[in-house]
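Colleague: Input coords21.cif, format and content: mmCIF, C-alpha atoms.
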data_coords
loop_
_atom_site.label_atom_id
_atom_site.label_comp_id
_atom_site.auth_asym_id
_atom_site.auth_seq_id
_atom_site.Cartn_x
_atom_site.Cartn_y
_atom_site.Cartn_z
CA ILE A 1 -13.25 51.65 11.62
CA ASP A 2 -14.76 48.57 13.28
CA VAL A 3 -16.04 49.11 16.82
CA GLY A 4 -16.82 45.80 18.52
CA GLY A 5 -17.21 44.57 22.04
CA THR A 6 -13.61 43.37 22.27
CA LYS A 7 -11.56 45.63 20.03
CA ILE A 8 -11.55 48.74 17.87
CA ALA A 9 -9.87 47.97 14.55
CA ALA A 10 -9.18 50.53 11.83
CA ALA A 11 -7.20 50.99 8.64
CA GLN A 12 -7.05 52.89 5.38
CA VAL A 13 -8.92 50.80 2.80
CA ASP A 14 -8.87 51.10 -0.99
CA LEU A 15 -12.48 50.41 -1.99
CA GLU A 16 -11.45 49.61 -5.55
CA ASN A 17 -9.30 46.58 -4.72
CA GLY A 18 -9.78 45.98 -0.99
CA SER A 19 -6.16 46.60 -0.03
CA ILE A 20 -5.53 47.58 3.58
CA GLN A 21 -2.83 49.87 4.92
CA ASN A 22 -1.87 51.41 8.27
CA ARG A 23 -3.82 49.07 10.51
CA ARG A 24 -4.62 50.18 14.05
CA GLU A 25 -6.09 48.03 16.82
CA ILE A 26 -6.80 48.72 20.49
CA PRO A 27 -9.06 47.11 23.15
CA THR A 28 -12.57 48.53 23.38
CA ASN A 29 -13.17 48.03 27.11
CA PRO A 30 -16.89 48.98 26.89
CA SER A 31 -17.16 49.41 30.66
CA ARG A 32 -15.31 52.73 30.32
CA GLY A 33 -18.44 54.28 28.81
CA GLY A 34 -19.39 55.64 25.40
CA GLU A 35 -17.53 58.94 25.61
CA ALA A 36 -14.17 57.27 26.27
CA ILE A 37 -14.69 54.87 23.36
CA LEU A 38 -15.70 57.70 21.03
CA ASN A 39 -12.60 59.69 21.99
CA ASP A 40 -10.45 56.69 21.06
CA VAL A 41 -12.24 56.38 17.72
CA ILE A 42 -11.77 60.08 17.00
CA GLN A 43 -8.04 59.83 17.76
CA ILE A 44 -7.69 56.84 15.45
CA ALA A 45 -9.63 58.61 12.70
CA GLU A 46 -7.38 61.66 13.03
CA SER A 47 -4.28 59.49 12.75
CA LEU A 48 -5.55 57.87 9.53
CA ARG A 49 -7.19 60.83 7.81
CA ASN A 50 -4.31 61.79 5.48
CA GLY A 51 -5.19 60.64 1.98
CA ALA A 52 -8.63 59.39 3.00
CA SER A 53 -11.86 60.68 1.48
CA SER A 54 -14.39 59.43 4.06
CA ILE A 55 -14.93 57.39 7.21
CA GLY A 56 -16.90 54.16 7.30
CA LEU A 57 -17.73 52.93 10.78
CA GLY A 58 -19.07 49.45 11.53
CA LEU A 59 -20.70 49.24 14.95
CA ALA A 60 -21.75 46.24 17.06
CA GLU A 61 -25.22 47.71 17.61
CA LEU A 62 -28.50 48.12 15.77
CA VAL A 63 -28.19 50.78 13.07
CA THR A 64 -31.17 52.05 11.07
CA ARG A 65 -31.37 52.21 7.29
CA ASP A 66 -30.42 55.89 7.58
CA GLY A 67 -27.28 55.17 9.59
CA GLU A 68 -28.68 56.17 12.99
CA ILE A 69 -27.55 54.23 16.06
CA ALA A 70 -30.56 52.51 17.61
CA SER A 71 -29.28 50.40 20.52
CA ASN A 72 -26.66 50.42 23.27
CA ALA A 73 -26.32 46.76 24.27
CA THR A 74 -22.52 46.93 24.08
CA ILE A 75 -21.39 50.42 23.02
CA ASP A 76 -23.29 53.20 24.79
CA TRP A 77 -23.52 55.75 21.98
CA LEU A 78 -27.28 56.35 21.89
CA ASP A 79 -27.04 59.85 23.37
CA LEU A 80 -23.78 60.91 21.67
CA ASN A 81 -23.49 62.76 18.37
CA VAL A 82 -21.14 60.15 16.94
CA ARG A 83 -21.64 60.79 13.24
CA GLU A 84 -21.59 64.55 13.65
CA ARG A 85 -18.33 64.51 15.61
CA LEU A 86 -16.60 62.16 13.21
CA SER A 87 -17.90 64.17 10.25
CA GLN A 88 -15.82 67.08 11.49
CA ILE A 89 -12.84 64.99 10.39
CA LEU A 90 -14.25 63.47 7.18
CA PRO A 91 -17.72 62.62 5.80
CA THR A 92 -18.91 59.65 7.87
CA ARG A 93 -21.28 56.76 7.35
CA ILE A 94 -22.27 54.39 10.19
CA GLU A 95 -23.44 50.84 9.52
CA ALA A 96 -24.16 47.75 11.62
CA ASP A 97 -20.88 45.84 11.77
CA VAL A 98 -22.41 42.60 10.49
CA ARG A 99 -23.76 44.31 7.35
CA ALA A 100 -20.48 46.12 6.77
CA ALA A 101 -18.58 42.83 6.95
CA ALA A 102 -21.15 41.09 4.74
CA ARG A 103 -20.78 43.82 2.11
CA ALA A 104 -17.00 43.32 2.17
CA GLU A 105 -17.41 39.56 1.70
CA ALA A 106 -19.69 40.25 -1.26
CA ARG A 107 -17.21 42.60 -2.89
CA PHE A 108 -13.82 41.15 -2.00
CA GLY A 109 -14.32 37.84 -0.16
CA ALA A 110 -16.05 34.49 -0.19
CA GLY A 111 -19.33 35.87 -1.55
CA GLN A 112 -17.94 37.50 -4.68
CA ASN A 113 -19.55 35.01 -7.07
CA SER A 114 -22.79 34.51 -5.15
CA ALA A 115 -26.07 36.31 -5.81
CA CYS A 116 -27.51 35.15 -2.49
CA PHE A 117 -25.51 34.18 0.58
CA LEU A 118 -25.79 34.23 4.35
CA TYR A 119 -23.03 35.84 6.41
CA VAL A 120 -22.76 34.85 10.08
CA THR A 121 -20.31 36.57 12.40
CA VAL A 122 -19.30 35.01 15.72
CA GLY A 123 -17.32 37.22 18.06
CA THR A 124 -18.26 38.96 21.29
CA GLY A 125 -21.82 38.49 20.02
CA ILE A 126 -23.50 36.61 17.16
CA SER A 127 -25.17 38.28 14.17
CA CYS A 128 -26.07 37.46 10.59
CA ALA A 129 -26.88 39.19 7.31
CA LEU A 130 -28.57 37.95 4.17
CA VAL A 131 -26.81 39.36 1.10
CA LEU A 132 -28.73 39.72 -2.17
CA ASP A 133 -26.89 40.79 -5.32
CA GLY A 134 -24.02 42.23 -3.32
CA LYS A 135 -26.16 44.20 -0.85
CA PRO A 136 -27.06 43.22 2.73
CA PHE A 137 -30.79 43.01 3.30
CA THR A 138 -31.72 45.70 5.84
CA GLY A 139 -35.39 44.94 6.52
CA ALA A 140 -38.04 47.59 7.11
CA ARG A 141 -36.09 49.55 9.73
CA GLY A 142 -32.53 48.25 9.49
CA PHE A 143 -32.80 45.91 12.45
CA THR A 144 -31.84 42.69 10.68
CA GLY A 145 -29.14 40.42 12.02
CA THR A 146 -29.99 39.84 15.68
CA PHE A 147 -31.06 36.21 15.24
CA ALA A 148 -29.21 34.99 18.36
CA SER A 149 -30.40 37.52 20.94
CA ALA A 150 -33.93 36.30 21.76
CA PRO A 151 -34.84 33.62 24.34
CA ILE A 152 -35.61 30.22 22.82
CA THR A 153 -38.56 27.89 23.48
CA VAL A 154 -37.82 24.32 22.35
CA PRO A 155 -40.37 21.50 22.01
CA LEU A 156 -39.11 18.34 23.76
CA LYS A 157 -41.46 15.34 23.58
CA ASP A 158 -44.65 16.57 25.26
CA ALA A 159 -43.20 19.64 26.93
CA LEU A 160 -41.74 23.02 26.09
CA VAL A 161 -38.29 23.87 27.38
CA LYS A 162 -37.34 27.53 27.71
CA SER A 163 -33.72 28.59 27.47
CA GLY A 164 -31.75 31.79 27.22
CA PRO A 165 -30.64 33.38 23.94
CA LEU A 166 -28.16 31.51 21.76
CA GLU A 167 -25.82 34.49 22.10
CA SER A 168 -25.62 33.91 25.86
CA PHE A 169 -24.39 30.34 25.24
CA ALA A 170 -22.37 30.27 22.03
CA SER A 171 -20.74 33.70 21.57
CA GLY A 172 -17.19 34.64 22.52
CA LEU A 173 -18.48 36.56 25.54
CA ALA A 174 -20.59 33.59 26.59
CA LEU A 175 -17.62 31.22 26.37
CA SER A 176 -15.60 33.65 28.47
CA GLN A 177 -18.32 33.77 31.12
CA ARG A 178 -18.88 30.00 31.07
CA SER A 179 -15.17 29.17 31.31
CA GLY A 180 -14.15 31.96 33.67
CA MET A 181 -11.30 33.04 31.40
CA ASP A 182 -10.67 35.26 28.39
CA THR A 183 -11.91 33.48 25.27
CA ARG A 184 -8.51 33.82 23.64
CA GLN A 185 -7.04 31.76 26.50
CA LEU A 186 -9.22 28.81 25.49
CA PHE A 187 -7.30 28.34 22.24
CA PRO A 188 -5.47 26.16 21.52
CA LEU A 189 -7.69 23.81 23.48
CA THR A 190 -5.53 22.00 26.02
CA ASP A 191 -7.98 20.30 28.39
CA PRO A 192 -11.25 18.32 28.11
CA ARG A 193 -13.35 20.96 29.86
CA SER A 194 -12.35 23.74 27.43
CA THR A 195 -12.91 21.41 24.47
CA GLU A 196 -16.37 20.48 25.72
CA LEU A 197 -17.36 24.14 26.22
CA VAL A 198 -16.27 25.07 22.71
CA GLN A 199 -17.94 22.02 21.17
CA SER A 200 -21.22 22.73 22.95
CA ALA A 201 -21.21 26.31 21.64
CA ALA A 202 -20.48 25.14 18.09
CA ILE A 203 -23.21 22.46 18.23
CA ALA A 204 -25.85 24.98 19.29
CA LEU A 205 -24.75 27.54 16.70
CA GLY A 206 -24.55 25.01 13.87
CA SER A 207 -28.11 23.93 14.55
CA ALA A 208 -29.32 27.54 14.55
CA ILE A 209 -27.57 28.28 11.25
CA ALA A 210 -29.25 25.21 9.75
CA GLN A 211 -32.63 26.71 10.65
CA LEU A 212 -31.67 29.95 8.92
CA VAL A 213 -30.62 28.05 5.80
CA ASN A 214 -33.90 26.13 5.75
CA THR A 215 -35.75 29.44 5.97
CA LEU A 216 -33.70 31.59 3.59
CA ASP A 217 -32.26 29.06 1.09
CA PRO A 218 -28.96 30.87 0.39
CA GLU A 219 -26.33 29.61 -2.07
CA LEU A 220 -23.69 29.45 0.67
CA VAL A 221 -22.93 30.38 4.26
CA VAL A 222 -19.89 32.54 5.07
CA ILE A 223 -18.63 32.45 8.66
CA GLY A 224 -16.67 35.41 10.05
CA GLY A 225 -15.77 37.09 13.32
CA GLY A 226 -12.99 36.53 15.82
CA LEU A 227 -14.39 33.22 17.10
CA GLY A 228 -15.98 32.19 13.83
CA CYS A 229 -12.62 32.21 12.06
CA VAL A 230 -10.86 30.00 14.61
CA PRO A 231 -9.89 26.74 12.83
CA GLY A 232 -10.01 23.30 14.38
CA VAL A 233 -12.52 21.98 16.90
CA PHE A 234 -14.95 24.92 16.80
CA HIS A 235 -15.18 25.05 13.02
CA GLU A 236 -15.37 21.27 12.52
CA THR A 237 -18.02 20.84 15.23
CA LEU A 238 -20.01 23.73 13.76
CA LYS A 239 -20.03 22.02 10.35
CA SER A 240 -20.93 18.65 11.85
CA SER A 241 -23.85 20.14 13.76
CA PHE A 242 -25.00 22.05 10.70
CA TYR A 243 -25.19 18.89 8.58
CA ARG A 244 -26.80 16.95 11.45
CA SER A 245 -25.18 13.56 10.96
CA GLU A 246 -26.71 10.71 12.98
CA GLU A 247 -23.43 10.06 14.74
CA HIS A 248 -23.26 13.65 15.94
CA THR A 249 -26.89 13.59 17.05
CA SER A 250 -26.13 10.62 19.29
CA GLU A 251 -23.14 12.45 20.76
CA LEU A 252 -25.30 15.50 21.39
CA GLN A 253 -27.89 13.42 23.23
CA SER A 254 -25.42 11.55 25.40
CA ARG A 255 -23.05 14.44 26.24
CA PHE A 256 -25.40 17.38 26.61
CA GLY A 257 -28.67 15.70 27.58
CA ILE A 258 -30.64 16.77 24.50
#
Translate the structure of the given file into structure tokens.

Modeller:
Amino acid sequence: IDVGGTKIAAAQVDLENGSIQNRREIPTNPSRGGEAILNDVIQIAESLRNGASSIGLGLAELVTRDGEIASNATIDWLDLNVRERLSQILPTRIEADVRAAARAEARFGAGQNSACFLYVTVGTGISCALVLDGKPFTGARGFTGTFASAPITVPLKDALVKSGPLESFASGLALSQRSGMDTRQLFPLTDPRSTELVQSAAIALGSAIAQLVNTLDPELVVIGGGLGCVPGVFHETLKSSFYRSEEHTSELQSRFGI
């Protein structure tokens, strides 16, 4: 079960071969509160329990190394006994959604043949996970992955320019807020304003991923998430920004004043 800021997605998964059956998907609507979301998750788990041996839940929040929920930025579950209530159905393990997805990429996806890769997910928010020998790196407390949530201070000539977090500019939620429409309505891009918004998000994110690569030196970068998997302008601009071609740098300076 994947609980994100936009949707709750679930299915029965064969962990031997990665096959997926009986998919379920409903909107999350976080504004309803944590209890309403948990009730939806419990109902979905009940509907899929036949033949299952356990529940794995990926959550768009900080999750400790021991599987304890440690934040409520999107899903307000801090004061709810989520694991205990789901464990009444089947044994349950909770993991940060980015690490759960990174583990799947290592076992069944683009990272199968890589000993060291970086997984970046771009959806309602932006997160990343470094995967070493098939296992996501958790850090000392399990709080890895939130590389896009802190304010940024950028040196520009002889001054420092402060900006908001990358997540507030380049995520799906940010694009929705900047455009005034649901992110899914932006695609396919049909007008110059929408195209410029999406390109600006991809340019900023590509540059940030390049910094991660320079720091971590992975074999490859795997992009996932609802927005990250959209082909076309977003993906191509992201790649162009990542590789920092001179032509693109000139475009960045002239169009976005950087």

Colleague: Any chance you could resolve the PyMOL selection byres ((chain A and resi 169) around 12) against this file and give the residues as a PyMOL selection string?

Modeller: chain A and resi 122+124-126+148-152+163-168+170-179+197-205

Colleague: For region 21-33 of chain A, find every residue with an atom within 10 Å (counting only C-alpha atoms), except residues of its own chain fewer than 6 positions away, and show them as a ChimeraX atom specification.

Modeller: /A:1-14,40-41,44-45,47-48,74-77

Colleague: The selected residues should be written to file as a JSON list (two decimals), keeping the file's coordinate frame (atoms: C-alpha atoms).

Modeller:
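Written file, selection-v3.json:
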[["chain", "number", "residue", "atom", "x", "y", "z"],
["A", 1, "ILE", "CA", -13.25, 51.65, 11.62],
["A", 2, "ASP", "CA", -14.76, 48.57, 13.28],
["A", 3, "VAL", "CA", -16.04, 49.11, 16.82],
["A", 4, "GLY", "CA", -16.82, 45.80, 18.52],
["A", 5, "GLY", "CA", -17.21, 44.57, 22.04],
["A", 6, "THR", "CA", -13.61, 43.37, 22.27],
["A", 7, "LYS", "CA", -11.56, 45.63, 20.03],
["A", 8, "ILE", "CA", -11.55, 48.74, 17.87],
["A", 9, "ALA", "CA", -9.87, 47.97, 14.55],
["A", 10, "ALA", "CA", -9.18, 50.53, 11.83],
["A", 11, "ALA", "CA", -7.20, 50.99, 8.64],
["A", 12, "GLN", "CA", -7.05, 52.89, 5.38],
["A", 13, "VAL", "CA", -8.92, 50.80, 2.80],
["A", 14, "ASP", "CA", -8.87, 51.10, -0.99],
["A", 40, "ASP", "CA", -10.45, 56.69, 21.06],
["A", 41, "VAL", "CA", -12.24, 56.38, 17.72],
["A", 44, "ILE", "CA", -7.69, 56.84, 15.45],
["A", 45, "ALA", "CA", -9.63, 58.61, 12.70],
["A", 47, "SER", "CA", -4.28, 59.49, 12.75],
["A", 48, "LEU", "CA", -5.55, 57.87, 9.53],
["A", 74, "THR", "CA", -22.52, 46.93, 24.08],
["A", 75, "ILE", "CA", -21.39, 50.42, 23.02],
["A", 76, "ASP", "CA", -23.29, 53.20, 24.79],
["A", 77, "TRP", "CA", -23.52, 55.75, 21.98]]

Colleague: Which one of A:Leu216, A:Ile42, A:Cys229, A:Leu160 sits closest to Leu86 (chain A) if you count only C-alpha atoms?

Modeller: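 Residue with the minimum atom-to-atom distance to Leu86 (chain A): A:Ile42.
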
Colleague: Choose the residue, out of A:Arg184, A:Arg99, A:Lys162, A:Arg49, that has the smallest atom-to-atom separation from Thr146 (chain A); count all atoms listed in the file.

Modeller: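 Selected residue with least distance to Thr146 (chain A): A:Arg99.
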
Colleague: Hey, which of A:Leu156, A:Phe108, A:Gly206, A:Gly142 ends up closest to Glu16 (chain A)? Count all atoms listed in the file.

Modeller: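 Closest to Glu16 (chain A), using all atoms listed in the file: A:Phe108.
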
Colleague: Could the centre and edge lengths of an axis-aligned box, enclosing all atoms of region 204-212 of chain A in the file with 8 Å extra on each side, be given in Å to one decimal as AutoDock Vina command-line options?

Modeller:
--center_x -28.6 --center_y 26.9 --center_z 14.1 --size_x 24.1 --size_y 22.0 --size_z 26.4

Colleague: Report the residues retrieved by the PyMOL selection byres ((chain A and resi 138) around 12) from the displayed file, expressed as a PyMOL selection string.

Modeller: chain A and resi 62-67+95-96+98-100+102-103+128-132+135-137+139-146

Colleague: Name the closest residue to Gln88 (chain A) among the candidates A:Glu46, A:Asp133, A:Glu68, A:Glu105; distances are taken between atoms, counting only C-alpha atoms.

Modeller: A:Glu46

Colleague: Given all atoms listed in the file as the basis, pick out the residue of A:Ala104, A:Ala73, A:Leu238, A:Ile55 nearest to Ser87 (chain A).

Modeller: A:Ile55

Colleague: Of the residues A:Ala115, A:Ala101, A:Leu59, A:Ala36, which is the one nearest to Glu219 (chain A), using only C-alpha atoms?

Modeller: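 For Glu219 (chain A), the nearest of the given residues is A:Ala115.
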
Colleague: Enter the distance from CA of Gly18 (chain A) to CA of Gln112 (chain A), in Å, rounded to one decimal.

Modeller: 12.3 Å

Colleague: Evaluate the PyMOL selection byres ((chain A and resi 81) around 12) against this structure - the residues, as a list in words, please.

Modeller: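 Matching residues under the PyMOL selection byres ((chain A and resi 81) around 12) are Gly34, Glu35, Leu38, Asn39, Glu68, Ile69, Asp76, Trp77, Leu78, Asp79, Leu80, Val82, Arg83, Glu84, Arg85, Leu86, Ser87, Gln88, Thr92 and Ile94 of chain A.
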
Colleague: Have a look at CA of Leu189 (chain A) and CA of Ala110 (chain A) and let me know their distance in Å, one decimal.

Modeller: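 These two atoms are separated by 27.3 Å.
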
Colleague: Mind giving me the straight-line distance from CA of Ser127 (chain A) to CA of Gly228 (chain A) in Å, one decimal?

Modeller: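 Computed distance, CA of Ser127 (chain A) to CA of Gly228 (chain A), equals 11.0 Å.
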
Colleague: Can you list, as a count of residues only, every protein, DNA or RNA residue that comes within 7 Å of region 223-226 of chain A when you count all atoms listed in the file, leaving out same-chain residues fewer than 6 positions away?

Modeller: 5

Colleague: Might you pull out every residue within 7 Å of Phe242 (chain A), with only C-alpha atoms counted and same-chain residues fewer than 6 positions away left off, and present them as a list in words?

Modeller: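 Counting only the stated atoms, we get Gly206, Ser207, Ile209 and Ala210 of chain A.
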